[in-house]
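Next comes final25.cif, a file with mmCIF, C-alpha atoms.
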```
data_model
#
loop_
_atom_site.label_atom_id
_atom_site.label_comp_id
_atom_site.auth_asym_id
_atom_site.auth_seq_id
_atom_site.Cartn_x
_atom_site.Cartn_y
_atom_site.Cartn_z
CA MET A 1 -31.63 273.75 167.92
CA HIS A 2 -34.26 270.99 167.95
CA ARG A 3 -36.81 273.40 169.47
CA LYS A 4 -36.09 276.03 166.79
CA SER A 5 -36.74 273.39 164.14
CA ILE A 6 -40.11 272.54 165.71
CA LEU A 7 -41.18 276.19 165.68
CA ILE A 8 -40.03 276.74 162.08
CA PHE A 9 -41.75 273.52 160.96
CA THR A 10 -45.01 274.56 162.63
CA ALA A 11 -44.89 277.99 161.01
CA LEU A 12 -44.29 276.46 157.58
CA CYS A 13 -47.25 274.12 158.04
CA LEU A 14 -49.49 277.03 158.92
CA LEU A 15 -48.25 279.01 155.94
CA GLY A 16 -49.06 276.08 153.71
CA ALA A 17 -52.57 276.05 155.08
CA PHE A 18 -52.84 279.75 154.27
CA LYS A 19 -52.21 279.08 150.58
CA VAL A 20 -54.97 276.50 150.52
CA HIS A 21 -57.56 278.72 152.20
CA ALA A 22 -56.65 282.14 150.81
CA GLU A 23 -59.38 282.09 148.20
CA GLU A 24 -62.15 280.57 150.38
CA PRO A 25 -65.14 282.62 151.63
CA GLY A 26 -64.05 285.30 154.05
CA PHE A 27 -60.98 286.31 152.08
CA GLU A 28 -62.62 289.61 151.07
CA ARG A 29 -63.23 290.41 154.76
CA GLY A 30 -59.58 289.82 155.64
CA TYR A 31 -58.39 291.85 152.66
CA ALA A 32 -60.68 294.76 153.62
CA GLN A 33 -59.68 294.62 157.30
CA ALA A 34 -56.00 294.70 156.38
CA LEU A 35 -56.53 297.89 154.36
CA LEU A 36 -58.59 299.46 157.15
CA ASP A 37 -55.92 298.63 159.72
CA GLU A 38 -53.24 300.06 157.44
CA HIS A 39 -54.90 303.34 156.43
CA ASP A 40 -57.71 304.00 158.91
CA ALA A 41 -56.59 302.35 162.15
CA THR A 42 -57.76 305.24 164.35
CA LEU A 43 -61.39 304.96 163.18
CA GLY A 44 -62.01 301.55 164.77
CA LEU A 45 -63.77 300.16 161.68
CA GLU A 46 -64.60 296.46 161.32
CA ALA A 47 -64.92 294.60 158.01
CA ARG A 48 -67.68 291.97 157.88
CA ALA A 49 -68.39 289.32 155.27
CA THR A 50 -71.70 289.33 153.39
CA LYS A 51 -73.58 286.74 151.35
CA GLU A 52 -73.40 289.02 148.30
CA GLU A 53 -70.48 288.06 146.06
CA GLY A 54 -67.77 290.73 145.91
CA ALA A 55 -69.46 292.84 148.62
CA ILE A 56 -68.16 293.76 152.08
CA GLU A 57 -69.82 295.49 155.02
CA ILE A 58 -67.97 298.12 157.05
CA ALA A 59 -69.23 298.72 160.58
CA GLY A 60 -68.22 301.42 163.05
CA ASP A 61 -69.27 303.22 166.22
CA SER A 62 -69.04 306.76 164.87
CA CYS A 63 -70.58 308.77 162.03
CA LEU A 64 -68.22 309.27 159.08
CA PRO A 65 -68.59 312.20 156.67
CA ALA A 66 -69.69 311.24 153.17
CA ALA A 67 -66.33 312.33 151.71
CA GLN A 68 -64.48 310.03 154.10
CA GLN A 69 -66.79 307.13 153.24
CA THR A 70 -66.13 307.74 149.54
CA SER A 71 -62.37 307.73 150.12
CA ILE A 72 -62.50 304.44 152.02
CA ARG A 73 -64.81 302.87 149.42
CA GLN A 74 -62.47 303.83 146.58
CA ARG A 75 -59.50 302.35 148.41
CA LEU A 76 -61.27 299.04 149.06
CA THR A 77 -62.63 298.63 145.54
CA GLY A 78 -59.66 300.07 143.65
CA ASN A 79 -57.59 296.90 143.30
CA GLY A 80 -58.74 293.53 144.51
CA PRO A 81 -61.72 291.21 144.98
CA ILE A 82 -64.13 293.82 146.46
CA VAL A 83 -66.57 295.55 144.09
CA LYS A 84 -69.16 296.88 146.55
CA VAL A 85 -69.07 298.40 150.05
CA ASN A 86 -72.09 298.52 152.36
CA TRP A 87 -72.04 300.69 155.49
CA ARG A 88 -73.35 299.97 158.99
CA LEU A 89 -72.84 303.22 160.90
CA PRO A 90 -74.85 305.12 163.56
CA CYS A 91 -76.09 307.55 160.87
CA ALA A 92 -76.89 307.41 157.17
CA PRO A 93 -74.52 308.95 154.55
CA ASP A 94 -76.74 312.03 154.12
CA GLN A 95 -76.74 312.57 157.91
CA ALA A 96 -72.94 312.23 157.90
CA THR A 97 -72.69 315.01 155.34
CA VAL A 98 -74.85 317.30 157.48
CA ALA A 99 -72.90 316.44 160.62
CA ALA A 100 -69.65 317.36 158.88
CA LYS A 101 -71.02 320.85 158.11
CA VAL A 102 -72.38 321.66 161.60
CA PRO A 103 -70.31 324.40 163.31
CA VAL A 104 -68.40 323.24 166.38
CA ASP A 105 -67.57 325.08 169.57
CA ASP A 106 -64.08 325.70 170.90
CA LYS A 107 -64.06 322.58 173.08
CA THR A 108 -64.85 320.38 170.08
CA LYS A 109 -62.11 322.07 168.02
CA ILE A 110 -59.58 320.93 170.59
CA GLY A 111 -60.43 317.43 169.38
CA LEU A 112 -59.89 315.56 172.66
CA ILE A 113 -61.50 312.14 172.99
CA TRP A 114 -61.71 310.73 176.49
CA LEU A 115 -61.34 306.95 176.91
CA PRO A 116 -60.84 306.16 173.19
CA THR A 117 -61.96 302.72 172.05
CA THR A 118 -58.88 301.93 169.96
CA ASP A 119 -55.18 301.89 170.90
CA ILE A 120 -53.13 303.46 168.11
CA PHE A 121 -49.90 301.61 169.05
CA ARG A 122 -50.25 297.84 168.90
CA PRO A 123 -48.55 295.68 171.58
CA LEU A 124 -45.21 294.10 170.73
CA GLN A 125 -46.46 290.55 170.36
CA ALA A 126 -43.23 288.61 170.92
CA ASP A 127 -41.83 290.80 173.72
CA PRO A 128 -41.96 288.60 176.88
CA ARG A 129 -42.43 291.72 179.04
CA GLU A 130 -45.26 293.34 177.06
CA PRO A 131 -48.27 293.68 179.44
CA GLN A 132 -50.93 291.31 178.13
CA LEU A 133 -53.29 288.66 179.50
CA ALA A 134 -51.93 285.14 178.90
CA LEU A 135 -51.63 281.61 180.27
CA LYS A 136 -48.62 279.58 179.11
CA TYR A 137 -46.88 276.26 179.64
CA GLN A 138 -43.11 276.42 179.14
CA SER A 139 -40.27 273.92 179.13
CA TYR A 140 -37.24 275.58 180.77
CA ASP A 141 -33.58 274.81 180.10
CA THR A 142 -31.36 276.85 182.43
CA ARG A 143 -28.06 275.34 181.26
CA GLY A 144 -27.90 273.15 184.36
CA ASP A 145 -31.46 272.21 185.18
CA ASP A 146 -34.56 271.37 183.15
CA PHE A 147 -38.11 271.80 184.47
CA THR A 148 -41.58 272.85 183.38
CA ILE A 149 -43.17 276.20 184.13
CA GLY A 150 -46.69 277.52 184.31
CA ALA A 151 -46.55 281.21 183.37
CA VAL A 152 -49.36 283.64 184.20
CA GLN A 153 -49.38 287.15 182.73
CA ALA A 154 -52.00 289.75 183.61
CA GLY A 155 -51.64 293.18 182.08
CA GLU A 156 -53.19 295.80 179.85
CA THR A 157 -52.66 299.18 178.22
CA PHE A 158 -55.53 301.57 178.95
CA SER A 159 -55.77 304.72 176.84
CA LEU A 160 -57.10 307.74 178.74
CA VAL A 161 -57.21 310.58 176.23
CA GLU A 162 -56.70 311.05 172.49
CA GLY A 163 -56.00 314.13 170.41
CA HIS A 164 -54.64 315.23 167.05
CA ILE A 165 -51.52 317.02 165.83
CA GLY A 166 -51.80 317.82 162.13
CA ASP A 167 -52.63 314.59 160.32
CA GLY A 168 -51.49 312.47 163.25
CA THR A 169 -53.15 311.13 166.38
CA TRP A 170 -51.71 310.90 169.90
CA GLN A 171 -52.84 309.11 173.04
CA VAL A 172 -51.84 309.14 176.70
CA GLY A 173 -52.62 306.18 178.91
CA LEU A 174 -51.67 303.83 181.72
CA GLN A 175 -49.99 300.45 181.44
CA GLY A 176 -49.49 297.78 184.05
CA GLY A 177 -48.79 294.09 184.31
CA THR A 178 -47.62 291.18 186.45
CA PHE A 179 -45.56 288.21 185.25
CA SER A 180 -45.46 285.11 187.48
CA ILE A 181 -43.84 281.71 186.93
CA PHE A 182 -44.68 278.48 188.83
CA ASN A 183 -42.57 275.30 188.94
CA GLN A 184 -44.89 272.55 187.70
CA ASP A 185 -42.43 269.80 188.69
CA GLU A 186 -42.99 270.51 192.39
CA ASP A 187 -46.03 269.05 194.15
CA SER A 188 -46.95 272.50 195.48
CA ASN A 189 -46.34 274.22 192.09
CA ASP A 190 -43.87 276.60 193.76
CA LEU A 191 -44.06 280.28 192.85
CA LEU A 192 -40.53 281.11 191.67
CA ASN A 193 -40.69 284.74 190.58
CA THR A 194 -43.10 287.62 190.02
CA ASP A 195 -42.23 290.78 188.11
CA TYR A 196 -44.33 293.95 188.14
CA ILE A 197 -44.37 296.72 185.55
CA VAL A 198 -46.16 300.08 185.68
CA SER A 199 -45.77 302.74 183.00
CA LEU A 200 -47.12 305.96 181.51
CA PRO A 201 -47.09 305.59 177.70
CA LEU A 202 -47.42 308.40 175.17
CA THR A 203 -48.25 307.02 171.72
CA TYR A 204 -48.53 308.63 168.29
CA ARG A 205 -49.67 307.45 164.85
CA LYS A 206 -49.52 309.09 161.44
CA GLY A 207 -50.41 306.85 158.53
CA ASN A 208 -48.29 303.71 158.60
CA TRP A 209 -45.93 305.09 161.25
CA SER A 210 -46.53 304.82 164.98
CA GLY A 211 -44.44 305.28 168.09
CA ARG A 212 -44.50 304.78 171.84
CA ALA A 213 -42.50 306.70 174.43
CA ARG A 214 -42.95 305.72 178.05
CA ILE A 215 -41.50 306.00 181.51
CA PHE A 216 -41.84 302.76 183.39
CA HIS A 217 -40.99 300.96 186.62
CA ILE A 218 -40.07 297.27 186.92
CA SER A 219 -39.55 295.42 190.19
CA SER A 220 -39.00 291.73 190.89
CA HIS A 221 -39.91 289.52 193.84
CA LEU A 222 -38.80 285.97 194.65
CA GLY A 223 -41.56 283.47 195.43
CA ASP A 224 -42.10 282.62 199.11
CA GLU A 225 -42.26 278.86 198.39
CA PHE A 226 -38.99 278.99 196.48
CA ILE A 227 -37.32 280.84 199.38
CA ALA A 228 -38.62 278.32 201.94
CA ASN A 229 -37.82 275.19 199.94
CA ASN A 230 -34.32 276.32 198.95
CA ASN A 231 -33.26 278.06 202.18
CA VAL A 232 -32.59 281.29 200.30
CA THR A 233 -30.87 283.87 202.51
CA ASP A 234 -29.92 286.38 199.80
CA ARG A 235 -31.70 287.43 196.64
CA LEU A 236 -31.35 289.82 193.74
CA ASP A 237 -33.07 293.17 194.19
CA VAL A 238 -33.68 293.91 190.51
CA SER A 239 -35.67 297.11 190.28
CA PHE A 240 -35.40 300.13 187.99
CA GLU A 241 -37.16 303.05 186.36
CA ALA A 242 -36.45 303.66 182.69
CA LEU A 243 -37.39 305.65 179.61
CA ASP A 244 -37.78 303.92 176.26
CA LEU A 245 -38.91 304.79 172.75
CA ILE A 246 -40.12 302.40 170.03
CA ILE A 247 -40.79 303.48 166.42
CA SER A 248 -42.96 301.16 164.32
CA HIS A 249 -43.78 301.01 160.60
CA ASP A 250 -46.56 299.00 158.95
CA TRP A 251 -46.22 297.80 155.37
CA LYS A 252 -49.26 295.86 154.19
CA GLN A 253 -49.40 292.90 156.60
CA VAL A 254 -45.84 293.32 157.90
CA ARG A 255 -44.71 295.46 160.82
CA VAL A 256 -41.14 296.31 161.79
CA TYR A 257 -40.03 298.28 164.84
CA GLY A 258 -36.95 299.40 166.69
CA GLY A 259 -35.75 301.69 169.43
CA GLY A 260 -33.99 301.85 172.74
CA GLY A 261 -34.03 303.18 176.25
CA TYR A 262 -32.11 304.22 179.32
CA LEU A 263 -32.35 303.22 182.98
CA LEU A 264 -32.95 306.33 185.09
CA ARG A 265 -32.58 304.63 188.47
CA THR A 266 -31.38 301.12 189.20
CA THR A 267 -30.60 298.73 192.01
CA GLU A 268 -27.75 296.23 191.86
CA ASN A 269 -25.67 298.92 190.07
CA LEU A 270 -26.97 297.86 186.65
CA ASP A 271 -25.62 299.22 183.38
CA ARG A 272 -28.22 301.52 181.85
CA GLY A 273 -28.57 301.00 178.09
CA ILE A 274 -31.43 299.19 176.28
CA ALA A 275 -31.77 298.32 172.58
CA GLN A 276 -34.74 296.58 170.97
CA ALA A 277 -36.01 295.62 167.50
CA GLY A 278 -38.48 293.20 166.00
CA SER A 279 -40.96 292.31 163.29
CA GLU A 280 -44.47 290.90 162.95
CA TRP A 281 -46.33 289.36 160.02
CA ARG A 282 -50.10 288.92 160.25
CA ILE A 283 -51.80 286.87 157.56
CA LYS A 284 -55.54 287.43 157.36
CA ASN A 285 -57.82 284.36 157.12
CA ALA A 286 -54.96 281.89 157.01
CA LEU A 287 -57.23 279.09 158.28
CA GLY A 288 -60.82 279.98 157.48
CA GLU A 289 -61.62 282.92 159.75
CA LEU A 290 -58.42 282.45 161.77
CA ASP A 291 -55.52 284.82 161.23
CA LEU A 292 -51.89 283.73 161.54
CA SER A 293 -49.27 285.89 163.23
CA LEU A 294 -45.51 285.31 163.11
CA ALA A 295 -43.42 287.57 165.33
CA ALA A 296 -39.83 288.00 166.49
CA ASP A 297 -38.41 290.30 169.16
CA TYR A 298 -34.76 291.06 169.91
CA LYS A 299 -33.75 292.92 173.06
CA ALA A 300 -30.33 293.66 174.55
CA LEU A 301 -29.56 295.32 177.89
CA GLY A 302 -26.24 296.66 179.09
CA ALA A 303 -27.10 295.13 182.46
CA GLN A 304 -26.98 291.69 180.79
CA ASP A 305 -23.69 292.34 178.96
CA TRP A 306 -25.62 293.19 175.75
CA THR A 307 -26.67 289.58 175.22
CA ILE A 308 -29.24 289.52 172.40
CA ASN A 309 -32.35 288.00 173.96
CA GLN A 310 -34.37 286.39 171.17
CA SER A 311 -38.09 285.70 171.39
CA TYR A 312 -40.14 284.06 168.60
CA GLN A 313 -43.88 283.49 168.45
CA ALA A 314 -46.38 281.88 166.07
CA ALA A 315 -50.08 282.30 166.82
CA LEU A 316 -53.46 281.47 165.37
CA ILE A 317 -55.89 284.30 166.11
CA PHE A 318 -59.65 284.13 166.51
CA THR A 319 -61.30 287.58 166.44
CA ARG A 320 -64.84 288.45 167.43
CA ASN A 321 -66.37 291.77 168.53
CA LYS A 322 -62.94 293.45 168.52
CA ARG A 323 -61.58 290.85 170.95
CA GLU A 324 -58.86 288.31 170.21
CA LEU A 325 -58.02 284.82 171.40
CA ARG A 326 -54.57 283.57 170.40
CA LEU A 327 -53.34 280.00 170.41
CA LEU A 328 -49.58 280.42 170.39
CA LEU A 329 -46.25 278.65 170.21
CA GLU A 330 -43.11 280.42 171.41
CA TYR A 331 -39.36 280.01 171.74
CA TYR A 332 -36.94 282.12 173.79
CA THR A 333 -33.16 282.12 174.15
CA GLY A 334 -30.88 284.55 175.98
CA LYS A 335 -30.61 285.93 179.50
CA SER A 336 -33.68 285.37 181.66
CA PRO A 337 -36.46 287.99 181.56
CA ASN A 338 -37.39 286.94 185.12
CA GLY A 339 -35.92 289.50 187.52
CA GLN A 340 -34.68 287.14 190.25
CA PHE A 341 -32.74 285.15 187.63
CA PHE A 342 -31.79 288.20 185.59
CA PHE A 343 -28.17 287.17 184.93
CA ASN A 344 -28.84 283.48 184.17
CA ARG A 345 -28.93 281.91 180.70
CA LEU A 346 -32.33 280.53 179.70
CA ASP A 347 -33.93 278.69 176.80
CA TYR A 348 -37.57 277.74 176.73
CA PHE A 349 -40.15 276.38 174.35
CA GLY A 350 -43.80 276.93 175.21
CA PHE A 351 -47.42 277.08 174.16
CA GLY A 352 -50.46 278.76 175.58
CA PHE A 353 -53.36 281.17 175.20
CA GLN A 354 -53.30 284.94 175.00
CA PHE A 355 -56.38 287.10 175.36
CA GLY A 356 -56.92 290.56 173.90
CA ILE A 357 -59.78 292.68 175.22
#
```
How would this structure read if it were set down as structure tokens?
Amino acid sequence: MHRKSILIFTALCLLGAFKVHAEEPGFERGYAQALLDEHDATLGLEARATKEEGAIEIAGDSCLPAAQQTSIRQRLTGNGPIVKVNWRLPCAPDQATVAAKVPVDDKTKIGLIWLPTTDIFRPLQADPREPQLALKYQSYDTRGDDFTIGAVQAGETFSLVEGHIGDGTWQVGLQGGTFSIFNQDEDSNDLLNTDYIVSLPLTYRKGNWSGRARIFHISSHLGDEFIANNNVTDRLDVSFEALDLIISHDWKQVRVYGGGGYLLRTTENLDRGIAQAGSEWRIKNALGELDLSLAADYKALGAQDWTINQSYQAALIFTRNKRELRLLLEYYTGKSPNGQFFFNRLDYFGFGFQFGI
């Protein structure tokens, strides 16, 4: 309970800082970026601050038709601190109008984009098994032993192709990640557990709604040093393939999601159901140019007797050139997400860095 209080106190302090800085320079940029992310996420547009009061610059990698520029400009200036929008695009507005009128061949009409620059389904920030790149330091309480952990996560979602269905956009990609934990209380920093995940995600976005369906494989391996130092002769063989579906909705700066899944093939005769839900709240320019993200994830598996595994995260986010660096605090309680200790109770409080590329 003490650890929960620390996390809540930290979040409240950061929220207080947000109120102080909300009206400082850069607020217009955050306001504009929030609207772009909400209504035009697939375009990959970036809002930039300018020295001109009430003006914002919108930059992108593709040429937008004049009508689309007008629509975005009206949305940004319709209600709020922005009165002027400047464009930094590969072509001028008059060229955009011409480009929109040029006839296209059949291949272009298909509308496929290979290796798109933007993922239309955002990662689940507080999910401890979401493939991302992170380094963390965690204090473990296993209801019998306390020790410190160094956690290393290396993973990414890579979109291969993008297309359109009506007013919506879909993507198909690859996803993979490794999750390793090391006992920092041992002189040799023993590797305790490594989990691997590989998946094929199909994602879709229409307006504020997005979804991800995927088939994925997870396998777990006990660390060699842990086996040697503890004379382990038997281990869990936690491995499965599963299907899952998550539906997400964005409302201003808040995101909520939910869904479930089913284990197609399992070892250890695991029960097959999965349920998951969560929420995220991203506050633009909470501390100067830093954003604040508060996130919670709840996941229950039949294989773990439907224990509700709770994961909470607070992060300060520095963004530059479409890349993110997160300084985060986190708290977890429930059954262990680490495959070799899958049926054990676990609480941990941690901090670390997460990198988005």
Could you expand the PyMOL selection byres ((chain A and resi 254) around 7) into the explicit residues it covers here, written as a list in words?
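Selected by the PyMOL selection byres ((chain A and resi 254) around 7) in this file: Asp250, Trp251, Lys252, Gln253, Arg255, Val256, Glu280, Trp281 and Arg282 of chain A.
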May I ask for the distance between atom CA of A:Asp119 and atom CA of A:Ile308, given in Å to one decimal place?
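Going from atom CA of A:Asp119 over to atom CA of A:Ile308 covers 28.8 Å.
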Can you tell me which residues surround stretch 330-346 of chain A at a distance of at most 6 Å, considering only C-alpha atoms, apart from same-chain residues fewer than 4 positions away, and format the answer as JSON, numbers by chain?
{"A": [141, 142, 220, 236, 238, 309, 310, 311, 312, 313, 350]}
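Minimum atom-to-atom distances from A:Gln74, A:Ser62, A:Gln125, A:Gln175 to A:Ala295 were compared using all atoms listed in the file, and the lowest value belongs to A:Gln125.
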List as a VMD selection string the residues having at least one atom at most 9 Å from position (-71.3, 306.4, 165.4) as given in the file, counting all atoms listed in the file.
chain A and resid 60 to 64 89 to 91
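Atom pair atom CA of A:Arg326 / atom CA of A:Phe216: separated by 26.4 Å.
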Just want the 8 Å neighbourhood of A:Ile197, counted on only C-alpha atoms, with same-chain residues fewer than 3 positions away dropped. Output as a PDB file with C-alpha atoms, keeping the file's coordinate frame.
```pdb
ATOM      1  CA  PRO A 131     -48.270 293.680 179.440  1.00  0.00           C
ATOM      2  CA  GLN A 175     -49.990 300.450 181.440  1.00  0.00           C
ATOM      3  CA  GLY A 176     -49.490 297.780 184.050  1.00  0.00           C
ATOM      4  CA  GLY A 177     -48.790 294.090 184.310  1.00  0.00           C
ATOM      5  CA  THR A 178     -47.620 291.180 186.450  1.00  0.00           C
ATOM      6  CA  PHE A 216     -41.840 302.760 183.390  1.00  0.00           C
ATOM      7  CA  HIS A 217     -40.990 300.960 186.620  1.00  0.00           C
ATOM      8  CA  ILE A 218     -40.070 297.270 186.920  1.00  0.00           C
ATOM      9  CA  SER A 219     -39.550 295.420 190.190  1.00  0.00           C
TER      10      SER A 219
END
```
